[in-house]
$ cat run-v6.cif   # mmCIF, C-alpha atoms
data_target
#
loop_
_atom_site.label_atom_id
_atom_site.label_comp_id
_atom_site.auth_asym_id
_atom_site.auth_seq_id
_atom_site.Cartn_x
_atom_site.Cartn_y
_atom_site.Cartn_z
CA MET A 1 -28.31 -33.08 -1.77
CA THR A 2 -26.55 -32.79 -5.12
CA LEU A 3 -24.56 -29.88 -6.34
CA ALA A 4 -25.58 -28.73 -9.80
CA LEU A 5 -22.79 -27.23 -11.84
CA ALA A 6 -23.42 -24.57 -14.42
CA PRO A 7 -23.54 -26.05 -17.91
CA ARG A 8 -20.21 -25.90 -19.70
CA ARG A 9 -20.13 -23.41 -22.52
CA THR A 10 -17.80 -23.71 -25.43
CA VAL A 11 -14.58 -21.82 -26.05
CA LEU A 12 -13.19 -20.95 -29.47
CA ALA A 13 -11.05 -24.11 -29.67
CA ASP A 14 -14.14 -26.31 -29.41
CA PHE A 15 -15.01 -25.41 -32.98
CA VAL A 16 -11.90 -27.16 -34.34
CA PRO A 17 -12.80 -30.77 -35.30
CA GLY A 18 -11.08 -33.97 -34.02
CA ALA A 19 -10.85 -34.37 -30.25
CA LEU A 20 -7.48 -35.83 -29.14
CA ALA A 21 -5.39 -34.73 -32.13
CA ARG A 22 -7.04 -31.29 -31.94
CA ASP A 23 -6.32 -30.95 -28.23
CA LEU A 24 -2.67 -32.01 -28.54
CA THR A 25 -2.12 -29.72 -31.51
CA LEU A 26 -3.79 -26.79 -29.80
CA VAL A 27 -1.81 -27.28 -26.57
CA VAL A 28 1.50 -27.36 -28.44
CA ALA A 29 0.45 -24.46 -30.69
CA GLY A 30 -0.56 -22.39 -27.64
CA ALA A 31 2.83 -22.97 -26.03
CA ALA A 32 4.64 -22.16 -29.29
CA PHE A 33 2.53 -19.00 -29.78
CA THR A 34 3.48 -17.87 -26.28
CA GLY A 35 7.14 -18.59 -27.00
CA LEU A 36 6.94 -16.58 -30.21
CA ALA A 37 5.22 -13.70 -28.44
CA ALA A 38 7.95 -13.75 -25.78
CA GLN A 39 10.42 -12.68 -28.44
CA VAL A 40 8.65 -9.32 -28.59
CA ALA A 41 10.45 -7.87 -25.58
CA LEU A 42 11.17 -4.33 -24.48
CA PRO A 43 13.55 -3.79 -21.57
CA ILE A 44 12.17 -1.70 -18.73
CA PRO A 45 14.83 0.56 -17.19
CA GLY A 46 15.47 -0.47 -13.59
CA SER A 47 13.49 -3.70 -13.83
CA PRO A 48 14.84 -7.23 -14.23
CA VAL A 49 11.55 -8.09 -16.00
CA PRO A 50 11.05 -6.94 -19.62
CA LEU A 51 7.73 -6.00 -21.19
CA THR A 52 6.88 -8.91 -23.50
CA GLY A 53 4.06 -10.22 -25.62
CA GLN A 54 3.98 -13.50 -23.71
CA THR A 55 1.49 -12.28 -21.09
CA PHE A 56 -0.93 -11.30 -23.84
CA ALA A 57 -0.38 -14.66 -25.53
CA ALA A 58 -0.87 -16.60 -22.30
CA LEU A 59 -4.20 -14.89 -21.65
CA LEU A 60 -5.37 -15.36 -25.23
CA VAL A 61 -4.38 -19.03 -25.13
CA GLY A 62 -6.34 -19.53 -21.92
CA ALA A 63 -9.43 -17.79 -23.28
CA SER A 64 -9.30 -19.53 -26.65
CA LEU A 65 -8.48 -23.05 -25.45
CA GLY A 66 -10.44 -23.24 -22.21
CA TRP A 67 -9.16 -23.96 -18.74
CA GLN A 68 -7.77 -27.48 -19.22
CA ARG A 69 -6.04 -26.95 -22.56
CA GLY A 70 -5.00 -23.41 -21.61
CA ALA A 71 -3.37 -24.49 -18.35
CA THR A 72 -1.77 -27.52 -20.03
CA SER A 73 -0.40 -25.35 -22.81
CA MET A 74 1.15 -22.93 -20.32
CA LEU A 75 2.51 -25.83 -18.26
CA LEU A 76 4.16 -27.17 -21.43
CA TYR A 77 5.59 -23.71 -22.13
CA LEU A 78 6.98 -23.55 -18.58
CA ILE A 79 8.44 -27.07 -18.43
CA ALA A 80 9.96 -26.97 -21.92
CA GLY A 81 11.49 -23.54 -21.29
CA VAL A 82 13.04 -24.63 -17.99
CA ALA A 83 14.29 -27.82 -19.71
CA GLY A 84 16.11 -25.82 -22.39
CA VAL A 85 13.75 -24.87 -25.23
CA PRO A 86 14.89 -21.31 -26.02
CA TRP A 87 11.46 -19.69 -26.13
CA PHE A 88 11.49 -17.46 -23.08
CA GLN A 89 12.13 -13.78 -23.80
CA GLY A 90 15.20 -13.12 -25.90
CA GLY A 91 15.49 -16.78 -26.88
CA SER A 92 16.43 -17.75 -23.34
CA SER A 93 15.58 -20.81 -21.30
CA GLY A 94 16.27 -22.15 -17.83
CA VAL A 95 15.30 -20.38 -14.61
CA PRO A 96 15.36 -16.60 -15.08
CA VAL A 97 14.56 -14.25 -12.20
CA SER A 98 11.20 -13.60 -13.87
CA LEU A 99 10.18 -17.28 -14.01
CA GLY A 100 7.47 -16.70 -11.40
CA TYR A 101 5.46 -14.79 -13.99
CA VAL A 102 5.67 -17.82 -16.31
CA VAL A 103 4.51 -20.05 -13.46
CA GLY A 104 1.65 -17.58 -13.07
CA PHE A 105 0.72 -18.19 -16.72
CA VAL A 106 -0.38 -21.72 -15.77
CA PHE A 107 -2.82 -20.37 -13.21
CA ALA A 108 -3.91 -17.53 -15.49
CA GLY A 109 -4.49 -19.97 -18.36
CA ALA A 110 -6.75 -22.03 -16.11
CA LEU A 111 -8.60 -19.05 -14.65
CA VAL A 112 -9.10 -17.19 -17.93
CA GLY A 113 -10.06 -20.42 -19.68
CA TYR A 114 -12.59 -21.21 -16.96
CA LEU A 115 -14.12 -17.73 -17.20
CA ALA A 116 -14.14 -17.84 -21.01
CA GLY A 117 -15.95 -21.16 -20.85
CA ARG A 118 -18.68 -19.35 -18.94
CA GLY A 119 -18.95 -16.43 -21.35
CA GLY A 120 -16.18 -14.24 -19.97
CA ASP A 121 -14.84 -13.47 -23.45
CA ARG A 122 -18.10 -12.81 -25.31
CA THR A 123 -18.36 -9.04 -24.78
CA PRO A 124 -15.70 -6.34 -24.45
CA LEU A 125 -16.65 -5.57 -20.84
CA ARG A 126 -16.58 -9.22 -19.76
CA THR A 127 -13.29 -9.72 -21.58
CA ILE A 128 -11.76 -6.77 -19.74
CA GLY A 129 -12.75 -8.31 -16.40
CA THR A 130 -11.54 -11.77 -17.42
CA MET A 131 -8.17 -10.48 -18.63
CA ALA A 132 -7.71 -8.26 -15.56
CA LEU A 133 -8.24 -11.29 -13.30
CA GLY A 134 -5.76 -13.26 -15.45
CA ASN A 135 -3.17 -10.52 -14.98
CA LEU A 136 -3.77 -10.59 -11.23
CA ALA A 137 -3.14 -14.35 -11.23
CA ILE A 138 0.17 -13.80 -13.03
CA TYR A 139 1.24 -11.05 -10.63
CA SER A 140 0.18 -13.06 -7.59
CA VAL A 141 2.84 -15.65 -8.43
CA GLY A 142 5.35 -13.44 -10.24
CA VAL A 143 5.82 -10.81 -7.54
CA PRO A 144 6.59 -13.20 -4.64
CA TRP A 145 8.93 -15.15 -6.93
CA LEU A 146 10.69 -11.94 -7.93
CA MET A 147 11.02 -10.97 -4.26
CA ALA A 148 12.66 -14.31 -3.45
CA ALA A 149 14.80 -14.61 -6.60
CA ALA A 150 16.09 -11.03 -6.60
CA GLY A 151 16.05 -10.43 -2.84
CA LEU A 152 13.60 -7.53 -3.11
CA SER A 153 11.17 -6.12 -0.58
CA PHE A 154 7.48 -6.24 -1.42
CA GLY A 155 7.44 -2.52 -2.21
CA LYS A 156 10.49 -2.75 -4.46
CA ALA A 157 9.08 -5.84 -6.23
CA LEU A 158 5.87 -3.91 -6.94
CA ALA A 159 7.90 -0.94 -8.16
CA VAL A 160 9.97 -2.98 -10.63
CA GLY A 161 7.70 -5.96 -11.32
CA VAL A 162 4.20 -4.47 -11.54
CA LEU A 163 3.99 -0.69 -11.84
CA PRO A 164 6.05 -0.33 -15.06
CA PHE A 165 3.76 -2.88 -16.76
CA LEU A 166 0.31 -1.54 -15.91
CA ILE A 167 -0.04 0.65 -19.01
CA GLY A 168 1.16 -2.17 -21.27
CA ASP A 169 -1.24 -4.58 -19.54
CA ALA A 170 -4.10 -2.14 -20.05
CA LEU A 171 -3.28 -1.93 -23.76
CA LYS A 172 -3.10 -5.73 -24.05
CA ILE A 173 -6.44 -6.04 -22.25
CA ALA A 174 -8.02 -3.49 -24.59
CA LEU A 175 -6.69 -5.41 -27.59
CA ALA A 176 -8.09 -8.68 -26.22
CA ALA A 177 -11.42 -6.93 -25.54
CA GLY A 178 -11.62 -6.25 -29.26
CA LEU A 179 -10.19 -9.52 -30.56
CA LEU A 180 -12.07 -12.12 -28.53
CA PRO A 181 -15.63 -10.75 -28.92
CA GLY A 182 -14.79 -10.14 -32.58
CA ALA A 183 -13.76 -13.78 -32.98
CA TRP A 184 -17.03 -14.85 -31.35
CA ALA A 185 -18.96 -12.65 -33.78
CA LEU A 186 -17.25 -14.46 -36.67
CA VAL A 187 -17.98 -17.88 -35.16
CA ARG A 188 -21.66 -16.98 -34.72
CA ARG A 189 -21.92 -16.00 -38.38
CA ARG A 190 -20.78 -19.47 -39.43
#
$ encode --input "run-v6.cif" --output "structure tokens"
Amino acid sequence: MTLALAPRRTVLADFVPGALARDLTLVVAGAAFTGLAAQVALPIPGSPVPLTGQTFAALLVGASLGWQRGATSMLLYLIAGVAGVPWFQGGSSGVPVSLGYVVGFVFAGALVGYLAGRGGDRTPLRTIGTMALGNLAIYSVGVPWLMAAAGLSFGKALAVGVLPFLIGDALKIALAAGLLPGAWALVRRR
């Protein structure tokens, strides 16, 4: 008995010509875009984790590049930031207490990219579901890391590492639900 996989659909990055050079450029550009978005940071009173644009960027990178390039791009962002590239929030690097969320970007990039490759970014409703699952992937790694790094209980980690961000995440998801299907509409016209 053979297992038939669903046919692979394209993601936005597949429309850029030149395979290896394209992939390397897109992976580096995705990491750099996330690092740039991380500089948009608003401190949240009582939380060691700021509200940043990097979550939005990580999800967009995953959806636009597909699961392999998206995860690789976020892995590059993580490794380079830990190694000293100052592109975590506020121009920082190393191992901040919020690093678990960045580790979660790798999983979210893969998950969102996988779903986008199967049409999860073609309509606003599908994009909302795809991005919500990506956020869950980020939280599923970020919250336990925050608990361990900051010595917080599960309830306290939720209170300072999830709840203050839900409205911002909803706004980012709504923005993605407009951007990604809009980008697909432009691609279809060409």
$ resolve_selection --input "run-v6.cif" --expression "the PyMOL selection byres ((chain A and resi 90) around 9)" --output "tab-separated table (two decimals) with C-alpha atoms, in the frame of the given file"
chain	number	residue	atom	x	y	z
A	38	ALA	CA	7.95	-13.75	-25.78
A	39	GLN	CA	10.42	-12.68	-28.44
A	40	VAL	CA	8.65	-9.32	-28.59
A	41	ALA	CA	10.45	-7.87	-25.58
A	86	PRO	CA	14.89	-21.31	-26.02
A	87	TRP	CA	11.46	-19.69	-26.13
A	88	PHE	CA	11.49	-17.46	-23.08
A	89	GLN	CA	12.13	-13.78	-23.80
A	91	GLY	CA	15.49	-16.78	-26.88
A	92	SER	CA	16.43	-17.75	-23.34
A	93	SER	CA	15.58	-20.81	-21.30
$ resolve_selection --input "run-v6.cif" --expression "the PyMOL selection byres ((chain A and resi 65-78) around 8)" --output "count of residues only"
37
$ residues_around --input "run-v6.cif" --residues "stretch 164-170 of chain A" --least-positions-apart "5" --cutoff "9 Å" --atoms "only C-alpha atoms" --output "PDB file with C-alpha atoms, in the coordinates of the input"
ATOM      1  CA  ILE A  44      12.170  -1.700 -18.730  1.00  0.00           C
ATOM      2  CA  SER A  47      13.490  -3.700 -13.830  1.00  0.00           C
ATOM      3  CA  PRO A  50      11.050  -6.940 -19.620  1.00  0.00           C
ATOM      4  CA  LEU A  51       7.730  -6.000 -21.190  1.00  0.00           C
ATOM      5  CA  THR A  55       1.490 -12.280 -21.090  1.00  0.00           C
ATOM      6  CA  PHE A  56      -0.930 -11.300 -23.840  1.00  0.00           C
ATOM      7  CA  ILE A 128     -11.760  -6.770 -19.740  1.00  0.00           C
ATOM      8  CA  ALA A 132      -7.710  -8.260 -15.560  1.00  0.00           C
ATOM      9  CA  ASN A 135      -3.170 -10.520 -14.980  1.00  0.00           C
ATOM     10  CA  LEU A 158       5.870  -3.910  -6.940  1.00  0.00           C
ATOM     11  CA  ALA A 159       7.900  -0.940  -8.160  1.00  0.00           C
ATOM     12  CA  LEU A 175      -6.690  -5.410 -27.590  1.00  0.00           C
TER      13      LEU A 175
END
$ resolve_selection --input "run-v6.cif" --expression "the PyMOL selection byres ((chain A and resi 138) around 7)" --output "VMD selection string"
chain A and resid 101 104 to 105 108 134 to 137 139 to 142
$ write_last_selection --input "run-v6.cif" --atoms "C-alpha atoms" --output "CSV table (one decimal), in the frame of the given file"
chain,number,residue,atom,x,y,z
A,101,TYR,CA,5.5,-14.8,-14.0
A,104,GLY,CA,1.6,-17.6,-13.1
A,105,PHE,CA,0.7,-18.2,-16.7
A,108,ALA,CA,-3.9,-17.5,-15.5
A,134,GLY,CA,-5.8,-13.3,-15.4
A,135,ASN,CA,-3.2,-10.5,-15.0
A,136,LEU,CA,-3.8,-10.6,-11.2
A,137,ALA,CA,-3.1,-14.4,-11.2
A,139,TYR,CA,1.2,-11.0,-10.6
A,140,SER,CA,0.2,-13.1,-7.6
A,141,VAL,CA,2.8,-15.6,-8.4
A,142,GLY,CA,5.4,-13.4,-10.2
$ atom_distance --input "run-v6.cif" --atom1 "atom CA of A:Gln54" --atom2 "atom CA of A:Leu36"
7.8 Å
$ residues_around --input "run-v6.cif" --residues "A:Gly182" --least-positions-apart "6" --cutoff "12 Å" --atoms "only C-alpha atoms" --output "list of chain:residue names"
A:Leu12, A:Asp121, A:Arg122, A:Thr123, A:Pro124, A:Thr127, A:Leu175, A:Ala176, A:Arg188, A:Arg189
$ closest_residue --input "run-v6.cif" --among "A:Leu180, A:Val16, A:Ala21, A:Ala37" --to "A:Gly119" --atoms "only C-alpha atoms"
A:Leu180
$ closest_residue --input "run-v6.cif" --among "A:Gly155, A:Gly18, A:Pro43, A:Pro48" --to "A:Val97" --atoms "all atoms listed in the file"
A:Pro48
$ decode --input "run-v6.cif" --residues "stretch 18-120 of chain A" --atoms "C-alpha atoms" --output "PDB file, in the first residue's frame"
ATOM      1  CA  GLY A  18      16.485  31.058 -10.059  1.00  0.00           C
ATOM      2  CA  ALA A  19      16.355  28.132  -7.635  1.00  0.00           C
ATOM      3  CA  LEU A  20      19.426  28.008  -5.339  1.00  0.00           C
ATOM      4  CA  ALA A  21      20.367  31.698  -5.478  1.00  0.00           C
ATOM      5  CA  ARG A  22      16.691  32.591  -5.014  1.00  0.00           C
ATOM      6  CA  ASP A  23      16.316  30.298  -2.014  1.00  0.00           C
ATOM      7  CA  LEU A  24      19.482  31.550  -0.290  1.00  0.00           C
ATOM      8  CA  THR A  25      18.540  35.164  -0.922  1.00  0.00           C
ATOM      9  CA  LEU A  26      14.992  34.656   0.305  1.00  0.00           C
ATOM     10  CA  VAL A  27      16.128  32.838   3.469  1.00  0.00           C
ATOM     11  CA  VAL A  28      18.575  35.618   4.359  1.00  0.00           C
ATOM     12  CA  ALA A  29      16.047  38.323   3.418  1.00  0.00           C
ATOM     13  CA  GLY A  30      13.376  36.655   5.579  1.00  0.00           C
ATOM     14  CA  ALA A  31      15.710  36.605   8.574  1.00  0.00           C
ATOM     15  CA  ALA A  32      16.738  40.231   7.968  1.00  0.00           C
ATOM     16  CA  PHE A  33      13.079  41.295   7.575  1.00  0.00           C
ATOM     17  CA  THR A  34      12.285  39.653  10.904  1.00  0.00           C
ATOM     18  CA  GLY A  35      15.255  41.393  12.514  1.00  0.00           C
ATOM     19  CA  LEU A  36      14.095  44.728  11.126  1.00  0.00           C
ATOM     20  CA  ALA A  37      10.544  44.126  12.340  1.00  0.00           C
ATOM     21  CA  ALA A  38      11.908  43.272  15.798  1.00  0.00           C
ATOM     22  CA  GLN A  39      13.063  46.869  16.117  1.00  0.00           C
ATOM     23  CA  VAL A  40       9.417  47.922  16.248  1.00  0.00           C
ATOM     24  CA  ALA A  41       8.995  47.183  19.943  1.00  0.00           C
ATOM     25  CA  LEU A  42       6.591  48.452  22.565  1.00  0.00           C
ATOM     26  CA  PRO A  43       7.247  47.569  26.204  1.00  0.00           C
ATOM     27  CA  ILE A  44       4.353  45.908  27.996  1.00  0.00           C
ATOM     28  CA  PRO A  45       4.090  47.038  31.629  1.00  0.00           C
ATOM     29  CA  GLY A  46       4.726  44.099  33.947  1.00  0.00           C
ATOM     30  CA  SER A  47       5.963  41.792  31.193  1.00  0.00           C
ATOM     31  CA  PRO A  48       9.558  40.883  30.361  1.00  0.00           C
ATOM     32  CA  VAL A  49       8.397  40.368  26.750  1.00  0.00           C
ATOM     33  CA  PRO A  50       7.766  43.446  24.554  1.00  0.00           C
ATOM     34  CA  LEU A  51       5.187  43.671  21.785  1.00  0.00           C
ATOM     35  CA  THR A  52       7.206  43.570  18.557  1.00  0.00           C
ATOM     36  CA  GLY A  53       6.740  43.278  14.834  1.00  0.00           C
ATOM     37  CA  GLN A  54       8.894  40.156  14.679  1.00  0.00           C
ATOM     38  CA  THR A  55       5.993  37.752  15.261  1.00  0.00           C
ATOM     39  CA  PHE A  56       4.138  39.271  12.321  1.00  0.00           C
ATOM     40  CA  ALA A  57       7.290  39.070  10.209  1.00  0.00           C
ATOM     41  CA  ALA A  58       7.969  35.452  11.192  1.00  0.00           C
ATOM     42  CA  LEU A  59       4.464  34.409  10.161  1.00  0.00           C
ATOM     43  CA  LEU A  60       4.623  36.346   6.898  1.00  0.00           C
ATOM     44  CA  VAL A  61       8.016  34.839   6.103  1.00  0.00           C
ATOM     45  CA  GLY A  62       6.667  31.345   6.710  1.00  0.00           C
ATOM     46  CA  ALA A  63       3.604  31.921   4.541  1.00  0.00           C
ATOM     47  CA  SER A  64       5.523  33.620   1.740  1.00  0.00           C
ATOM     48  CA  LEU A  65       8.527  31.290   1.607  1.00  0.00           C
ATOM     49  CA  GLY A  66       6.940  27.927   2.362  1.00  0.00           C
ATOM     50  CA  TRP A  67       7.768  25.517   5.134  1.00  0.00           C
ATOM     51  CA  GLN A  68      11.393  24.689   4.277  1.00  0.00           C
ATOM     52  CA  ARG A  69      12.590  28.194   3.458  1.00  0.00           C
ATOM     53  CA  GLY A  70      10.419  29.725   6.189  1.00  0.00           C
ATOM     54  CA  ALA A  71      11.774  27.435   8.900  1.00  0.00           C
ATOM     55  CA  THR A  72      15.339  27.837   7.616  1.00  0.00           C
ATOM     56  CA  SER A  73      14.983  31.611   7.591  1.00  0.00           C
ATOM     57  CA  MET A  74      13.745  31.632  11.191  1.00  0.00           C
ATOM     58  CA  LEU A  75      16.500  29.201  12.206  1.00  0.00           C
ATOM     59  CA  LEU A  76      19.043  31.604  10.676  1.00  0.00           C
ATOM     60  CA  TYR A  77      17.421  34.491  12.563  1.00  0.00           C
ATOM     61  CA  LEU A  78      17.648  32.510  15.821  1.00  0.00           C
ATOM     62  CA  ILE A  79      21.222  31.239  15.423  1.00  0.00           C
ATOM     63  CA  ALA A  80      22.630  34.556  14.187  1.00  0.00           C
ATOM     64  CA  GLY A  81      20.896  36.476  16.989  1.00  0.00           C
ATOM     65  CA  VAL A  82      22.205  34.117  19.668  1.00  0.00           C
ATOM     66  CA  ALA A  83      25.680  34.327  18.067  1.00  0.00           C
ATOM     67  CA  GLY A  84      25.722  38.118  18.330  1.00  0.00           C
ATOM     68  CA  VAL A  85      23.936  39.712  15.359  1.00  0.00           C
ATOM     69  CA  PRO A  86      22.075  42.598  17.036  1.00  0.00           C
ATOM     70  CA  TRP A  87      18.690  42.037  15.415  1.00  0.00           C
ATOM     71  CA  PHE A  88      16.548  40.893  18.313  1.00  0.00           C
ATOM     72  CA  GLN A  89      14.269  43.570  19.766  1.00  0.00           C
ATOM     73  CA  GLY A  90      16.034  46.789  20.662  1.00  0.00           C
ATOM     74  CA  GLY A  91      19.147  45.794  18.717  1.00  0.00           C
ATOM     75  CA  SER A  92      19.941  43.057  21.215  1.00  0.00           C
ATOM     76  CA  SER A  93      21.418  39.610  20.735  1.00  0.00           C
ATOM     77  CA  GLY A  94      22.336  36.631  22.874  1.00  0.00           C
ATOM     78  CA  VAL A  95      19.894  34.707  25.042  1.00  0.00           C
ATOM     79  CA  PRO A  96      17.130  36.994  26.323  1.00  0.00           C
ATOM     80  CA  VAL A  97      14.403  35.688  28.630  1.00  0.00           C
ATOM     81  CA  SER A  98      12.036  35.831  25.649  1.00  0.00           C
ATOM     82  CA  LEU A  99      14.207  33.634  23.396  1.00  0.00           C
ATOM     83  CA  GLY A 100      11.651  30.814  23.568  1.00  0.00           C
ATOM     84  CA  TYR A 101       9.334  32.861  21.378  1.00  0.00           C
ATOM     85  CA  VAL A 102      12.115  33.159  18.781  1.00  0.00           C
ATOM     86  CA  VAL A 103      12.640  29.392  18.957  1.00  0.00           C
ATOM     87  CA  GLY A 104       8.894  29.129  18.372  1.00  0.00           C
ATOM     88  CA  PHE A 105       9.331  31.156  15.164  1.00  0.00           C
ATOM     89  CA  VAL A 106      11.171  28.191  13.630  1.00  0.00           C
ATOM     90  CA  PHE A 107       8.210  25.904  14.258  1.00  0.00           C
ATOM     91  CA  ALA A 108       5.713  28.584  13.246  1.00  0.00           C
ATOM     92  CA  GLY A 109       7.637  29.252  10.015  1.00  0.00           C
ATOM     93  CA  ALA A 110       7.433  25.556   9.171  1.00  0.00           C
ATOM     94  CA  LEU A 111       3.770  25.184  10.137  1.00  0.00           C
ATOM     95  CA  VAL A 112       2.542  28.362   8.461  1.00  0.00           C
ATOM     96  CA  GLY A 113       4.649  27.628   5.389  1.00  0.00           C
ATOM     97  CA  TYR A 114       3.235  24.113   5.185  1.00  0.00           C
ATOM     98  CA  LEU A 115      -0.333  25.395   5.467  1.00  0.00           C
ATOM     99  CA  ALA A 116       0.315  28.183   2.952  1.00  0.00           C
ATOM    100  CA  GLY A 117       1.669  25.603   0.527  1.00  0.00           C
ATOM    101  CA  ARG A 118      -1.724  23.923   0.743  1.00  0.00           C
ATOM    102  CA  GLY A 119      -3.744  27.088   0.198  1.00  0.00           C
ATOM    103  CA  GLY A 120      -3.863  28.356   3.777  1.00  0.00           C
TER     104      GLY A 120
END
